[in-house]
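*Asks:* data.tsv is the file, holding TSV, C-alpha atoms:
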chain	number	residue	atom	x	y	z
A	13	MET	CA	-9.36	-6.80	-53.71
A	14	LEU	CA	-6.88	-6.95	-56.57
A	15	LYS	CA	-4.10	-9.52	-56.56
A	16	GLN	CA	-1.44	-6.81	-56.63
A	17	ASP	CA	-3.03	-5.20	-53.58
A	18	ARG	CA	-2.70	-8.47	-51.69
A	19	TRP	CA	0.99	-8.64	-52.55
A	20	LEU	CA	1.42	-5.03	-51.45
A	21	ILE	CA	-0.16	-5.86	-48.08
A	22	TRP	CA	2.23	-8.78	-47.61
A	23	VAL	CA	5.20	-6.57	-48.52
A	24	PHE	CA	4.32	-4.16	-45.72
A	25	VAL	CA	3.41	-6.86	-43.19
A	26	ALA	CA	6.37	-9.17	-43.87
A	27	PRO	CA	9.04	-7.12	-41.97
A	28	GLY	CA	6.89	-7.11	-38.86
A	29	ILE	CA	6.23	-10.84	-39.12
A	30	LEU	CA	9.95	-11.55	-39.56
A	31	LEU	CA	10.89	-9.40	-36.58
A	32	VAL	CA	8.31	-11.05	-34.34
A	33	ALA	CA	9.44	-14.50	-35.49
A	34	ALA	CA	13.11	-13.66	-34.96
A	35	PHE	CA	12.83	-11.96	-31.58
A	36	MET	CA	9.85	-13.77	-30.03
A	37	TYR	CA	8.98	-17.15	-31.51
A	38	TYR	CA	12.50	-18.33	-32.30
A	39	PRO	CA	13.73	-17.74	-28.71
A	40	MET	CA	10.52	-19.31	-27.40
A	41	ILE	CA	11.08	-22.48	-29.43
A	42	GLY	CA	14.73	-22.45	-28.34
A	43	THR	CA	13.63	-22.27	-24.70
A	44	ILE	CA	11.38	-25.31	-25.12
A	45	ILE	CA	14.22	-27.27	-26.72
A	46	GLU	CA	16.67	-26.10	-24.03
A	47	SER	CA	14.34	-27.41	-21.31
A	48	LEU	CA	14.85	-30.94	-22.64
A	49	TYR	CA	18.57	-30.78	-21.89
A	50	SER	CA	20.51	-30.63	-18.63
A	51	THR	CA	23.56	-28.43	-17.98
A	52	SER	CA	25.47	-27.26	-14.93
A	53	PHE	CA	28.53	-25.18	-14.09
A	54	ILE	CA	30.60	-28.35	-13.67
A	55	ASN	CA	29.19	-30.04	-16.78
A	56	PRO	CA	28.36	-27.28	-19.31
A	57	THR	CA	27.89	-29.74	-22.18
A	58	PRO	CA	24.12	-30.17	-22.78
A	59	GLU	CA	22.84	-33.67	-22.00
A	60	PHE	CA	19.46	-34.74	-23.35
A	61	VAL	CA	17.15	-35.74	-20.48
A	62	GLY	CA	13.73	-35.35	-22.10
A	63	LEU	CA	10.93	-34.52	-19.65
A	64	ALA	CA	13.06	-35.37	-16.61
A	65	THR	CA	13.64	-31.65	-16.05
A	66	TYR	CA	9.91	-31.04	-15.66
A	67	GLU	CA	9.56	-34.00	-13.30
A	68	LYS	CA	12.34	-32.55	-11.17
A	69	ILE	CA	10.78	-29.09	-11.21
A	70	PHE	CA	7.25	-30.22	-10.31
A	71	ALA	CA	8.55	-32.48	-7.53
A	72	SER	CA	10.67	-29.80	-5.86
A	73	ALA	CA	9.54	-27.79	-2.86
A	74	ASP	CA	11.02	-24.68	-4.49
A	75	PHE	CA	8.52	-24.91	-7.34
A	76	ARG	CA	5.55	-25.00	-4.97
A	77	GLN	CA	6.97	-22.04	-3.06
A	78	ILE	CA	7.50	-20.07	-6.26
A	79	VAL	CA	3.96	-20.78	-7.48
A	80	LEU	CA	2.58	-19.61	-4.11
A	81	ASN	CA	4.81	-16.52	-4.10
A	82	SER	CA	3.84	-15.69	-7.69
A	83	CYS	CA	0.13	-15.96	-6.86
A	84	VAL	CA	0.42	-13.81	-3.71
A	85	TRP	CA	2.62	-11.28	-5.46
A	86	THR	CA	0.45	-10.99	-8.57
A	87	VAL	CA	-2.94	-10.88	-6.84
A	88	ALA	CA	-1.85	-8.41	-4.15
A	89	VAL	CA	-0.03	-6.02	-6.48
A	90	VAL	CA	-2.78	-6.08	-9.11
A	91	MET	CA	-5.54	-5.45	-6.59
A	92	LEU	CA	-3.66	-2.65	-4.80
A	93	GLN	CA	-2.55	-1.02	-8.05
A	94	ASN	CA	-6.05	-1.04	-9.47
A	95	LEU	CA	-7.72	0.20	-6.29
A	96	SER	CA	-5.20	2.98	-5.70
A	97	GLY	CA	-5.20	3.85	-9.39
A	98	PHE	CA	-8.99	4.02	-9.52
A	99	PHE	CA	-9.36	6.24	-6.45
A	100	SER	CA	-6.53	8.54	-7.56
A	101	ALA	CA	-8.24	8.78	-10.97
A	102	LEU	CA	-11.50	9.73	-9.25
A	103	LEU	CA	-9.62	12.46	-7.39
A	104	LEU	CA	-7.81	13.77	-10.45
A	105	ASN	CA	-11.08	13.79	-12.41
A	106	GLN	CA	-12.42	16.53	-10.13
A	107	SER	CA	-11.97	20.25	-10.68
A	108	LEU	CA	-8.93	20.87	-8.49
A	109	PRO	CA	-6.42	23.71	-8.29
A	110	ALA	CA	-3.22	22.99	-10.24
A	111	GLN	CA	-4.96	19.98	-11.79
A	112	GLY	CA	-2.47	19.69	-14.63
A	113	LEU	CA	0.49	19.72	-12.23
A	114	MET	CA	-1.10	17.07	-10.02
A	115	ARG	CA	-1.74	14.82	-13.04
A	116	ALA	CA	1.89	15.21	-14.08
A	117	LEU	CA	3.26	14.50	-10.59
A	118	VAL	CA	1.26	11.30	-10.20
A	119	LEU	CA	3.10	9.91	-13.24
A	120	LEU	CA	6.56	10.22	-11.66
A	121	PRO	CA	6.69	6.70	-10.14
A	122	TRP	CA	5.61	5.18	-13.45
A	123	ILE	CA	8.18	6.97	-15.63
A	124	MET	CA	11.00	6.26	-13.17
A	125	PRO	CA	13.18	3.32	-14.31
A	126	GLY	CA	12.34	0.13	-12.42
A	127	VAL	CA	15.86	-0.39	-11.08
A	128	VAL	CA	16.05	3.21	-9.84
A	129	ALA	CA	12.69	2.86	-8.08
A	130	ALA	CA	13.81	-0.41	-6.46
A	131	ILE	CA	17.06	1.16	-5.22
A	132	LEU	CA	15.07	4.08	-3.80
A	133	TRP	CA	12.80	1.72	-1.85
A	134	ARG	CA	15.79	-0.35	-0.72
A	135	PHE	CA	17.19	2.77	0.93
A	136	MET	CA	13.80	3.58	2.43
A	137	TYR	CA	13.61	0.07	3.96
A	138	ASP	CA	17.13	0.26	5.40
A	139	PRO	CA	16.95	-0.79	9.10
A	140	GLN	CA	19.38	1.91	10.23
A	141	LEU	CA	18.96	4.91	7.94
A	142	GLY	CA	15.68	4.18	6.17
A	143	LEU	CA	12.93	6.80	6.12
A	144	ILE	CA	10.23	4.25	6.96
A	145	ASN	CA	11.90	3.07	10.15
A	146	SER	CA	12.70	6.66	11.17
A	147	PHE	CA	9.04	7.56	10.74
A	148	LEU	CA	7.83	4.55	12.76
A	149	ILE	CA	10.33	5.23	15.55
A	150	SER	CA	9.26	8.90	15.73
A	151	LEU	CA	5.64	7.75	16.11
A	152	GLY	CA	6.59	5.29	18.85
A	153	VAL	CA	5.37	2.30	16.86
A	154	THR	CA	8.74	0.60	17.33
A	155	ASP	CA	11.86	1.39	19.33
A	156	GLN	CA	14.35	0.00	16.81
A	157	GLY	CA	14.74	-0.35	13.07
A	158	VAL	CA	12.96	-3.25	11.39
A	159	ALA	CA	14.89	-5.25	8.79
A	160	TRP	CA	11.98	-5.33	6.36
A	161	LEU	CA	13.84	-7.07	3.55
A	162	ALA	CA	15.73	-9.57	5.72
A	163	SER	CA	12.71	-11.30	7.26
A	164	GLY	CA	10.54	-13.84	5.47
A	165	ASP	CA	7.50	-12.41	7.28
A	166	THR	CA	7.89	-8.88	5.89
A	167	ALA	CA	9.98	-9.11	2.70
A	168	MET	CA	7.09	-9.97	0.37
A	169	LEU	CA	4.86	-7.29	1.90
A	170	ALA	CA	7.64	-4.73	1.46
A	171	ALA	CA	8.12	-5.69	-2.18
A	172	ILE	CA	4.35	-5.55	-2.82
A	173	ILE	CA	4.11	-2.02	-1.39
A	174	ALA	CA	7.05	-0.83	-3.49
A	175	ALA	CA	5.64	-2.41	-6.68
A	176	THR	CA	2.22	-0.88	-6.00
A	177	TRP	CA	3.77	2.57	-5.69
A	178	LYS	CA	5.70	2.04	-8.91
A	179	GLY	CA	2.77	0.73	-10.94
A	180	PHE	CA	-0.39	2.49	-9.75
A	181	PRO	CA	0.04	5.51	-12.10
A	182	PHE	CA	-0.53	3.17	-15.07
A	183	SER	CA	-3.98	2.28	-13.72
A	184	THR	CA	-4.56	5.93	-12.86
A	185	VAL	CA	-4.04	6.98	-16.48
A	186	VAL	CA	-6.27	4.19	-17.80
A	187	TYR	CA	-9.12	4.90	-15.38
A	188	LEU	CA	-8.83	8.67	-15.76
A	189	ALA	CA	-9.28	8.33	-19.51
A	190	ALA	CA	-12.29	6.05	-18.93
A	191	LEU	CA	-13.89	8.41	-16.38
A	192	GLN	CA	-13.68	11.33	-18.78
A	193	LYS	CA	-15.91	9.40	-21.22
A	194	VAL	CA	-18.64	8.71	-18.66
A	195	ASP	CA	-21.94	10.36	-19.59
A	196	HIS	CA	-22.09	13.42	-17.32
A	197	GLU	CA	-25.75	14.01	-18.14
A	198	GLN	CA	-26.63	10.75	-16.37
A	199	ILE	CA	-24.59	11.82	-13.34
A	200	GLU	CA	-26.30	15.22	-13.26
A	201	ALA	CA	-29.71	13.59	-13.58
A	202	ALA	CA	-28.93	11.18	-10.74
A	203	THR	CA	-27.70	14.09	-8.61
A	204	ILE	CA	-30.96	15.98	-9.20
A	205	ASP	CA	-32.88	12.83	-8.21
A	206	GLY	CA	-31.00	12.82	-4.89
A	207	ALA	CA	-28.48	10.02	-5.52
A	208	GLY	CA	-25.41	10.31	-3.31
A	209	LYS	CA	-21.79	9.91	-4.40
A	210	LEU	CA	-21.64	6.19	-3.63
A	211	ARG	CA	-24.94	5.54	-5.41
A	212	ARG	CA	-23.71	7.42	-8.50
A	213	LEU	CA	-20.42	5.53	-8.38
A	214	PHE	CA	-21.98	2.06	-8.24
A	215	ASP	CA	-25.03	2.67	-10.43
A	216	ILE	CA	-23.53	4.85	-13.19
A	217	VAL	CA	-19.74	5.17	-13.16
A	218	LEU	CA	-18.70	1.55	-12.57
A	219	PRO	CA	-21.15	0.04	-15.11
A	220	GLU	CA	-19.93	2.56	-17.70
A	221	ILE	CA	-16.26	1.61	-17.32
A	222	LYS	CA	-16.57	-2.09	-16.44
A	223	GLU	CA	-14.98	-3.18	-19.73
A	224	VAL	CA	-11.98	-0.93	-19.10
A	225	ILE	CA	-11.67	-2.34	-15.59
A	226	ALA	CA	-11.66	-5.92	-16.90
A	227	ILE	CA	-9.04	-5.22	-19.56
A	228	ASN	CA	-6.84	-3.25	-17.16
A	229	LEU	CA	-7.01	-6.05	-14.59
A	230	ILE	CA	-5.77	-8.55	-17.17
A	231	LEU	CA	-3.07	-6.21	-18.49
A	232	THR	CA	-1.69	-5.43	-15.02
A	233	THR	CA	-1.81	-9.13	-14.16
A	234	ILE	CA	0.36	-9.96	-17.17
A	235	LEU	CA	2.81	-7.14	-16.37
A	236	THR	CA	3.00	-7.97	-12.66
A	237	PHE	CA	3.44	-11.70	-13.14
A	238	ASN	CA	6.41	-10.99	-15.40
A	239	TYR	CA	7.86	-8.18	-13.23
A	240	PHE	CA	11.54	-8.74	-12.48
A	241	ASP	CA	13.26	-5.50	-11.46
A	242	MET	CA	11.65	-4.72	-8.12
A	243	ILE	CA	12.03	-8.07	-6.37
A	244	TRP	CA	15.48	-8.80	-7.76
A	245	VAL	CA	16.96	-5.47	-6.64
A	246	LEU	CA	15.18	-5.52	-3.27
A	247	THR	CA	15.69	-9.12	-2.14
A	248	ARG	CA	17.12	-11.27	-4.98
A	249	GLY	CA	14.35	-13.73	-4.13
A	250	GLY	CA	15.32	-14.07	-0.48
A	251	PRO	CA	15.32	-14.55	2.34
A	252	GLN	CA	15.12	-18.35	1.87
A	253	ASN	CA	13.00	-18.13	-1.31
A	254	ALA	CA	10.40	-16.03	0.50
A	255	THR	CA	10.08	-13.62	-2.44
A	256	HIS	CA	11.20	-15.71	-5.41
A	257	ILE	CA	8.78	-15.57	-8.35
A	258	PHE	CA	9.14	-17.09	-11.82
A	259	PRO	CA	11.27	-14.34	-13.45
A	260	THR	CA	13.73	-14.11	-10.53
A	261	LYS	CA	14.05	-17.90	-10.24
A	262	ILE	CA	14.68	-18.22	-13.98
A	263	TYR	CA	17.41	-15.58	-13.78
A	264	GLU	CA	19.04	-17.17	-10.74
A	265	LEU	CA	19.07	-20.68	-12.24
A	266	GLY	CA	20.26	-19.56	-15.66
A	267	PHE	CA	22.75	-16.79	-14.99
A	268	GLY	CA	23.62	-17.54	-11.36
A	269	GLN	CA	23.95	-21.33	-11.35
A	270	PHE	CA	24.29	-22.06	-15.11
A	271	ARG	CA	21.47	-24.64	-14.87
A	272	PHE	CA	20.00	-23.57	-18.20
A	273	GLY	CA	17.78	-26.64	-18.59
A	274	GLU	CA	15.91	-26.00	-15.34
A	275	ALA	CA	15.76	-22.27	-16.07
A	276	ALA	CA	14.23	-23.06	-19.45
A	277	GLY	CA	11.75	-25.44	-17.78
A	278	TYR	CA	10.60	-22.70	-15.43
A	279	GLY	CA	10.44	-20.39	-18.44
A	280	VAL	CA	8.16	-22.77	-20.35
A	281	VAL	CA	5.79	-23.01	-17.39
A	282	SER	CA	5.84	-19.22	-17.14
A	283	ILE	CA	5.07	-18.95	-20.88
A	284	LEU	CA	2.07	-21.24	-20.48
A	285	VAL	CA	0.69	-19.13	-17.64
A	286	LEU	CA	1.24	-15.92	-19.60
A	287	ALA	CA	-0.40	-17.48	-22.67
A	288	LEU	CA	-3.48	-18.17	-20.55
A	289	LEU	CA	-3.52	-14.58	-19.31
A	290	ILE	CA	-3.15	-13.25	-22.86
A	291	ALA	CA	-6.04	-15.48	-23.96
A	292	LEU	CA	-8.16	-13.94	-21.21
A	293	TYR	CA	-7.15	-10.49	-22.41
A	294	VAL	CA	-8.16	-11.29	-25.99
A	295	LEU	CA	-11.50	-12.68	-24.80
A	296	ALA	CA	-12.08	-9.54	-22.74
A	297	GLN	CA	-11.36	-7.36	-25.77
A	298	GLY	CA	-13.70	-9.45	-27.91
A	299	SER	CA	-16.51	-9.21	-25.36
A	300	GLY	CA	-15.93	-5.48	-25.09
A	301	ARG	CA	-16.24	-4.98	-28.84
A	302	GLY	CA	-19.30	-7.22	-28.92
A	303	ALA	CA	-20.99	-5.23	-26.14
A	304	ARG	CA	-20.29	-1.92	-27.92
A	305	ALA	CA	-21.63	-3.30	-31.20
Could you express the structure from this file as structure tokens?
*Replies:*
Amino acid sequence: MLKQDRWLIWVFVAPGILLVAAFMYYPMIGTIIESLYSTSFINPTPEFVGLATYEKIFASADFRQIVLNSCVWTVAVVMLQNLSGFFSALLLNQSLPAQGLMRALVLLPWIMPGVVAAILWRFMYDPQLGLINSFLISLGVTDQGVAWLASGDTAMLAAIIAATWKGFPFSTVVYLAALQKVDHEQIEAATIDGAGKLRRLFDIVLPEIKEVIAINLILTTILTFNYFDMIWVLTRGGPQNATHIFPTKIYELGFGQFRFGEAAGYGVVSILVLALLIALYVLAQGSGRGARA
């Protein structure tokens, strides 16, 4: 490669590098520095406290609750999104009437803005006028409206269901694209040999798309762990921290209580977790390329 070609490459790459540095790495470094200082609404002047913020965070009961909530939230939403997305992709991969219309309709929850979707589900969960309670009362399951979002026993489950509905079309699109690349000759040969639907699914389809499944699991985990809109609009982390996860706690501490140091500390911990998930994603991509090679 000629020297002038190298300079030309850097000329084209430099704007992207500068934008990433300005809008990603600079705020990230600022967050780490901010976590070493303490501020409050009463005392807004930053006071250097070093690692005392992290000691306070790790020793608090709120932190343990948020870690537990984040794990439950992420695992449940990712599993439900991927399962529902996979089975809906299997359905949409069949020859069905109005197939194009059905594929378009399944995308509606995904393209709907997150805040709008959360407000919709908030109305559906309303104990007096909500569609869900009206349906349960008509079936005789309950004789009065359930305050789904006001109880610590049901608030997280309600948020998980809403987030699954909002996010499963993403997995549907990914798995539908993967299913269309499965070797149909193998499926036809297995059908002639007498293999049933389940046998074809586990012996042919799943092995063919296992790399896509792994990558989609990691991607949806990253997106779900960092998901803010749904829980904040539905419950604002309540009742009594029952649904607080890292993004909602960071927002509450920073913009609700002006405790920017603690908010930054939670943000740094969140960054470390996300960095681990991104590393897993990169490894999955590398193994996928290696397997194809």
*Asks:* Using only C-alpha atoms, give me every residue within 8 Å of (9.9, 1.5, 8.3) in file coordinates, as a list in words.
*Replies:*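 Checked against the point, the hits come out as Met136, Tyr137, Asp138, Pro139, Gly142, Leu143, Ile144, Asn145, Ser146, Phe147, Leu148, Gly157, Val158 and Trp160 of chain A.
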*Asks:* At what distance in Å, to one decimal, does atom CA of A:Ile243 lie from atom CA of A:Gly126?
*Replies:*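 Taking atom CA of A:Gly126 and atom CA of A:Ile243, their separation equals 10.2 Å.
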*Asks:* What's the 6 Å shell around stretch 161-170 of chain A, counting all atoms listed in the file, without same-chain residues fewer than 4 positions away, as a short mmCIF file (atom, residue, chain, number, x, y, z; two decimals) with C-alpha atoms, in the coordinates of the input?
*Replies:*
data_model
loop_
_atom_site.label_atom_id
_atom_site.label_comp_id
_atom_site.auth_asym_id
_atom_site.auth_seq_id
_atom_site.Cartn_x
_atom_site.Cartn_y
_atom_site.Cartn_z
CA PRO A 251 15.32 -14.55 2.34
CA ALA A 254 10.40 -16.03 0.50
CA THR A 255 10.08 -13.62 -2.44
#
*Asks:* For atom CA of A:Ala276 and atom CA of A:Thr86, quote the distance in Å rounded to one decimal.
*Replies:* 21.3 Å
*Asks:* Between atom CA of A:Thr236 and atom CA of A:Leu63, what is the distance in Å, rounded to a tenth?
*Replies:*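 Straight-line distance from atom CA of A:Thr236 to atom CA of A:Leu63 works out to 28.6 Å.
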*Asks:* Measuring between only C-alpha atoms, which one of A:Gly42, A:Pro56, A:Gly28, A:Gly250 shows the shortest distance to A:Gln269?
*Replies:*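 Using only C-alpha atoms, A:Gln269 sits closest to A:Pro56.
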*Asks:* So, counting all atoms listed in the file, which residue among A:Val90, A:Val245, A:Ile283, A:Ala189 is closest to A:Leu229?
*Replies:* A:Val90
*Asks:* Choose the residue, out of A:Pro27, A:Glu59, A:Lys222, A:Asp155, that has the smallest atom-to-atom separation from A:Arg271; count only C-alpha atoms.
*Replies:*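 The answer is A:Glu59, which sits nearest to A:Arg271.
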*Asks:* So that each row is one residue of stretch 52-118 of chain A with an atom at most 10 Å from stretch 172-182 of chain A, can you give its shortest atom pair and the distance in Å to one decimal, using only C-alpha atoms, rows by chain and rising number, as JSON lines?
*Replies:*
{"residue": "A:Val84", "atom": "CA", "partner": "A:Ile172", "partner_atom": "CA", "distance": 9.2}
{"residue": "A:Trp85", "atom": "CA", "partner": "A:Ile172", "partner_atom": "CA", "distance": 6.5}
{"residue": "A:Thr86", "atom": "CA", "partner": "A:Ile172", "partner_atom": "CA", "distance": 8.8}
{"residue": "A:Val87", "atom": "CA", "partner": "A:Ile172", "partner_atom": "CA", "distance": 9.9}
{"residue": "A:Ala88", "atom": "CA", "partner": "A:Ile172", "partner_atom": "CA", "distance": 7.0}
{"residue": "A:Val89", "atom": "CA", "partner": "A:Thr176", "partner_atom": "CA", "distance": 5.6}
{"residue": "A:Val90", "atom": "CA", "partner": "A:Thr176", "partner_atom": "CA", "distance": 7.9}
{"residue": "A:Met91", "atom": "CA", "partner": "A:Thr176", "partner_atom": "CA", "distance": 9.0}
{"residue": "A:Leu92", "atom": "CA", "partner": "A:Thr176", "partner_atom": "CA", "distance": 6.3}
{"residue": "A:Gln93", "atom": "CA", "partner": "A:Phe180", "partner_atom": "CA", "distance": 4.5}
{"residue": "A:Asn94", "atom": "CA", "partner": "A:Phe180", "partner_atom": "CA", "distance": 6.7}
{"residue": "A:Leu95", "atom": "CA", "partner": "A:Phe180", "partner_atom": "CA", "distance": 8.4}
{"residue": "A:Ser96", "atom": "CA", "partner": "A:Phe180", "partner_atom": "CA", "distance": 6.3}
{"residue": "A:Gly97", "atom": "CA", "partner": "A:Phe180", "partner_atom": "CA", "distance": 5.0}
{"residue": "A:Phe98", "atom": "CA", "partner": "A:Phe180", "partner_atom": "CA", "distance": 8.7}
{"residue": "A:Ser100", "atom": "CA", "partner": "A:Pro181", "partner_atom": "CA", "distance": 8.5}
{"residue": "A:Ala101", "atom": "CA", "partner": "A:Pro181", "partner_atom": "CA", "distance": 9.0}
{"residue": "A:Arg115", "atom": "CA", "partner": "A:Pro181", "partner_atom": "CA", "distance": 9.5}
{"residue": "A:Leu117", "atom": "CA", "partner": "A:Pro181", "partner_atom": "CA", "distance": 9.7}
{"residue": "A:Val118", "atom": "CA", "partner": "A:Pro181", "partner_atom": "CA", "distance": 6.2}
*Asks:* Taking all atoms listed in the file into account, name the residue in A:Phe53, A:Gln198, A:Tyr37, A:Arg211 that is nearest to A:Gly268.
*Replies:* A:Phe53
*Asks:* I'd like to know which of A:Tyr38, A:Phe272, A:Tyr293, A:Tyr278 is closest to A:Tyr66, using all atoms listed in the file.
*Replies:*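 The closest residue to A:Tyr66 is A:Tyr278.
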*Asks:* Find the residues near A:Leu289: any atom within 10 Å, counting all atoms listed in the file, skip ones fewer than 2 places away on the same chain, and give them as JSON, numbers by chain.
*Replies:* {"A": [230, 231, 233, 234, 237, 283, 284, 285, 286, 287, 291, 292, 293, 294, 295]}
*Asks:* Between A:Gln156, A:Val186, A:Ile41, A:Glu264, which residue has the minimum interatomic distance to A:Ala226, considering all atoms listed in the file?
*Replies:* A:Val186
*Asks:* Near A:Glu46, within 9 Å and counting only C-alpha atoms, which residues show up once chain neighbours fewer than 2 positions away are dropped, as a ChimeraX atom specification?
*Replies:* /A:41-44,48-50,58,272-277
*Asks:* Using only C-alpha atoms, which protein or nucleic acid residues come within 10 Å of A:Val217? Drop anything in the same chain fewer than 2 positions from it, and give the result as a PyMOL selection string.
*Replies:* chain A and resi 190-191+193-196+198-199+210-215+219-222
*Asks:* Could the residues in this selection be written to a file with C-alpha atoms, as a PDB file, keeping the file's coordinate frame?
*Replies:*
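Saved the output as out-v9.pdb:
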ATOM      1  CA  ALA A 190     -12.290   6.050 -18.930  1.00  0.00           C
ATOM      2  CA  LEU A 191     -13.890   8.410 -16.380  1.00  0.00           C
ATOM      3  CA  LYS A 193     -15.910   9.400 -21.220  1.00  0.00           C
ATOM      4  CA  VAL A 194     -18.640   8.710 -18.660  1.00  0.00           C
ATOM      5  CA  ASP A 195     -21.940  10.360 -19.590  1.00  0.00           C
ATOM      6  CA  HIS A 196     -22.090  13.420 -17.320  1.00  0.00           C
ATOM      7  CA  GLN A 198     -26.630  10.750 -16.370  1.00  0.00           C
ATOM      8  CA  ILE A 199     -24.590  11.820 -13.340  1.00  0.00           C
ATOM      9  CA  LEU A 210     -21.640   6.190  -3.630  1.00  0.00           C
ATOM     10  CA  ARG A 211     -24.940   5.540  -5.410  1.00  0.00           C
ATOM     11  CA  ARG A 212     -23.710   7.420  -8.500  1.00  0.00           C
ATOM     12  CA  LEU A 213     -20.420   5.530  -8.380  1.00  0.00           C
ATOM     13  CA  PHE A 214     -21.980   2.060  -8.240  1.00  0.00           C
ATOM     14  CA  ASP A 215     -25.030   2.670 -10.430  1.00  0.00           C
ATOM     15  CA  PRO A 219     -21.150   0.040 -15.110  1.00  0.00           C
ATOM     16  CA  GLU A 220     -19.930   2.560 -17.700  1.00  0.00           C
ATOM     17  CA  ILE A 221     -16.260   1.610 -17.320  1.00  0.00           C
ATOM     18  CA  LYS A 222     -16.570  -2.090 -16.440  1.00  0.00           C
TER      19      LYS A 222
END
*Asks:* For stretch 186-190 of chain A, take all atoms listed in the file, fit an axis-aligned box around them, add 6 Å to each of the six sides, then output centre and edge lengths in Å rounded to one decimal, as AutoDock Vina command-line options.
*Replies:*
--center_x -9.3 --center_y 6.4 --center_z -17.4 --size_x 18.0 --size_y 16.5 --size_z 16.1
